[in-house]
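First the structure, in the form of structure tokens, and then the observations on it.
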Amino acid sequence: MFDNLPNNEVHISSLIIHVKPEYLESTKKRILELPNTEIYGESKEGKIIVVLETENQGFITDSIDKINNFDSVLSTALVFHQIEHFDSQCEDES
């Protein structure tokens, strides 16, 4: 998942998305079509846990906006955001 991210920084965030239960499966498919998204859980009541791994904060807000604009989505909440910095000189080159 990190193939298209810069070598020195990655933004990891999680969202809880509430959808109309009858659209759970179709909404999950649409979410997974967005770059750098993974689904980590769901409930039959229509809640989906999504993790984003992006190269900057702008991609997070863009993804939230896109998901929130799906007709089946009732709400989207950012519940976690962390920035990881990587030192390319400390990586194991073997």
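Chain labels A, B, ... are given in the sequence in which chains occur in the structure tokens; within each chain residues are numbered consecutively from 1, and ligands are likewise numbered from 1 in the order shown.
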If you run DSSP on the backbone, which residues of chain A are helix (DSSP H, G or I), as a PyMOL selection string? chain A and resi 21-33+57-68+88-90
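Restricting the calculation to only C-alpha atoms, the smallest distance between Val73 of chain A and any of A:Ile31, A:Leu52, A:Ile17, A:Ile12 is found for A:Ile17.
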Name the closest residue to Ile60 of chain A among the candidates A:Asn36, A:Asn8, A:Ser26, A:Ser72; distances are taken between atoms, counting only C-alpha atoms. A:Asn36
As a PyMOL selection string, list the residues of chain A assigned to strand (DSSP E or B) by DSSP on the backbone atoms of this structure. chain A and resi 9-19+37-42+47-54+73-85
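Computed from the coordinates, the atom CA of Lys66 of chain A to atom CA of Phe86 of chain A distance equals 28.5 Å.
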Give me, as a PyMOL selection string, all polymer residues having an atom no more than 10 Å from Asn68 of chain A, counting only C-alpha atoms and skipping those fewer than 5 positions away in the same chain. chain A and resi 17-19+62-63+73-77
Selection above as a file: all heavy atoms, as an mmCIF file, in the first residue's frame:
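Below you can see selection.cif, which holds the result:
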```cif
data_model
loop_
_atom_site.group_PDB
_atom_site.id
_atom_site.type_symbol
_atom_site.label_atom_id
_atom_site.label_comp_id
_atom_site.auth_asym_id
_atom_site.auth_seq_id
_atom_site.Cartn_x
_atom_site.Cartn_y
_atom_site.Cartn_z
ATOM 1 N N ILE A 17 -17.778 5.470 9.029
ATOM 2 C CA ILE A 17 -18.753 5.920 8.050
ATOM 3 C C ILE A 17 -20.070 5.222 8.339
ATOM 4 O O ILE A 17 -20.105 4.002 8.504
ATOM 5 C CB ILE A 17 -18.266 5.586 6.630
ATOM 6 C CG1 ILE A 17 -16.926 6.284 6.394
ATOM 7 C CG2 ILE A 17 -19.289 6.003 5.595
ATOM 8 C CD1 ILE A 17 -16.148 5.740 5.255
ATOM 9 N N HIS A 18 -21.123 5.998 8.460
ATOM 10 C CA HIS A 18 -22.454 5.448 8.704
ATOM 11 C C HIS A 18 -23.240 5.546 7.411
ATOM 12 O O HIS A 18 -23.385 6.636 6.850
ATOM 13 C CB HIS A 18 -23.146 6.220 9.822
ATOM 14 C CG HIS A 18 -24.385 5.574 10.310
ATOM 15 N ND1 HIS A 18 -25.246 6.202 11.164
ATOM 16 C CD2 HIS A 18 -24.924 4.351 10.088
ATOM 17 C CE1 HIS A 18 -26.268 5.402 11.429
ATOM 18 N NE2 HIS A 18 -26.086 4.274 10.776
ATOM 19 N N VAL A 19 -23.699 4.389 6.941
ATOM 20 C CA VAL A 19 -24.449 4.340 5.685
ATOM 21 C C VAL A 19 -25.823 3.731 5.926
ATOM 22 O O VAL A 19 -26.058 3.071 6.940
ATOM 23 C CB VAL A 19 -23.703 3.517 4.604
ATOM 24 C CG1 VAL A 19 -22.311 4.069 4.373
ATOM 25 C CG2 VAL A 19 -23.635 2.056 4.950
ATOM 26 N N ASP A 62 -9.882 15.178 1.046
ATOM 27 C CA ASP A 62 -10.498 14.873 -0.255
ATOM 28 C C ASP A 62 -11.278 13.558 -0.189
ATOM 29 O O ASP A 62 -12.398 13.466 -0.692
ATOM 30 C CB ASP A 62 -9.450 14.775 -1.361
ATOM 31 C CG ASP A 62 -8.853 16.123 -1.734
ATOM 32 O OD1 ASP A 62 -9.398 17.167 -1.307
ATOM 33 O OD2 ASP A 62 -7.828 16.128 -2.449
ATOM 34 N N SER A 63 -10.688 12.551 0.433
ATOM 35 C CA SER A 63 -11.358 11.249 0.559
ATOM 36 C C SER A 63 -12.619 11.361 1.405
ATOM 37 O O SER A 63 -13.658 10.789 1.060
ATOM 38 C CB SER A 63 -10.413 10.218 1.169
ATOM 39 O OG SER A 63 -9.311 9.989 0.331
ATOM 40 N N VAL A 73 -24.436 7.563 2.114
ATOM 41 C CA VAL A 73 -23.704 7.884 3.342
ATOM 42 C C VAL A 73 -24.484 8.892 4.177
ATOM 43 O O VAL A 73 -24.887 9.947 3.698
ATOM 44 C CB VAL A 73 -22.289 8.408 3.019
ATOM 45 C CG1 VAL A 73 -21.604 8.944 4.267
ATOM 46 C CG2 VAL A 73 -21.454 7.307 2.384
ATOM 47 N N LEU A 74 -24.673 8.528 5.450
ATOM 48 C CA LEU A 74 -25.362 9.421 6.388
ATOM 49 C C LEU A 74 -24.376 10.346 7.086
ATOM 50 O O LEU A 74 -24.672 11.507 7.339
ATOM 51 C CB LEU A 74 -26.132 8.589 7.415
ATOM 52 C CG LEU A 74 -27.177 7.643 6.817
ATOM 53 C CD1 LEU A 74 -27.720 6.712 7.896
ATOM 54 C CD2 LEU A 74 -28.290 8.428 6.164
ATOM 55 N N SER A 75 -23.175 9.819 7.434
ATOM 56 C CA SER A 75 -22.152 10.643 8.077
ATOM 57 C C SER A 75 -20.785 9.987 7.930
ATOM 58 O O SER A 75 -20.672 8.776 7.777
ATOM 59 C CB SER A 75 -22.461 10.856 9.561
ATOM 60 O OG SER A 75 -22.385 9.635 10.266
ATOM 61 N N THR A 76 -19.764 10.836 7.993
ATOM 62 C CA THR A 76 -18.379 10.381 7.964
ATOM 63 C C THR A 76 -17.637 11.125 9.063
ATOM 64 O O THR A 76 -17.701 12.347 9.135
ATOM 65 C CB THR A 76 -17.716 10.690 6.607
ATOM 66 O OG1 THR A 76 -18.485 10.087 5.569
ATOM 67 C CG2 THR A 76 -16.295 10.185 6.548
ATOM 68 N N ALA A 77 -16.945 10.365 9.931
ATOM 69 C CA ALA A 77 -16.234 10.985 11.046
ATOM 70 C C ALA A 77 -14.780 10.529 11.056
ATOM 71 O O ALA A 77 -14.493 9.329 11.001
ATOM 72 C CB ALA A 77 -16.895 10.620 12.366
#
```
What does the distance from atom CA of Arg30 of chain A to atom CA of His81 of chain A come to in Å, to one decimal?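 Atom CA of His81 of chain A lies at a distance of 22.0 Å from atom CA of Arg30 of chain A.
Minimum atom-to-atom distances from A:His85, A:Ile64, A:Ile48, A:Glu53 to Lys29 of chain A were compared using only C-alpha atoms, and the lowest value belongs to A:Ile48.
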As an exercise, work out the distance from atom CA of Phe80 of chain A to atom CA of Lys20 of chain A in Å and give it to one decimal place.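 Taking atom CA of Phe80 of chain A as the start and atom CA of Lys20 of chain A as the end point, the length is 23.0 Å.
Distance check against Thr54 of chain A using only C-alpha atoms: of A:Glu84, A:Glu22, A:Asp71, A:Glu42, the minimum falls on A:Glu84.
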For Thr27 of chain A, which of A:Thr61, A:Ser13, A:Glu45, A:Phe70 is the closest residue, counting only C-alpha atoms?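 Of the candidates, the smallest distance to Thr27 of chain A is held by A:Phe70.
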Extract, using only C-alpha atoms, all DNA, RNA and protein residues at most 6 Å from Val50 of chain A, discarding same-chain residues fewer than 2 positions from it, and format them as number ranges by chain. A: 14-15, 38-40
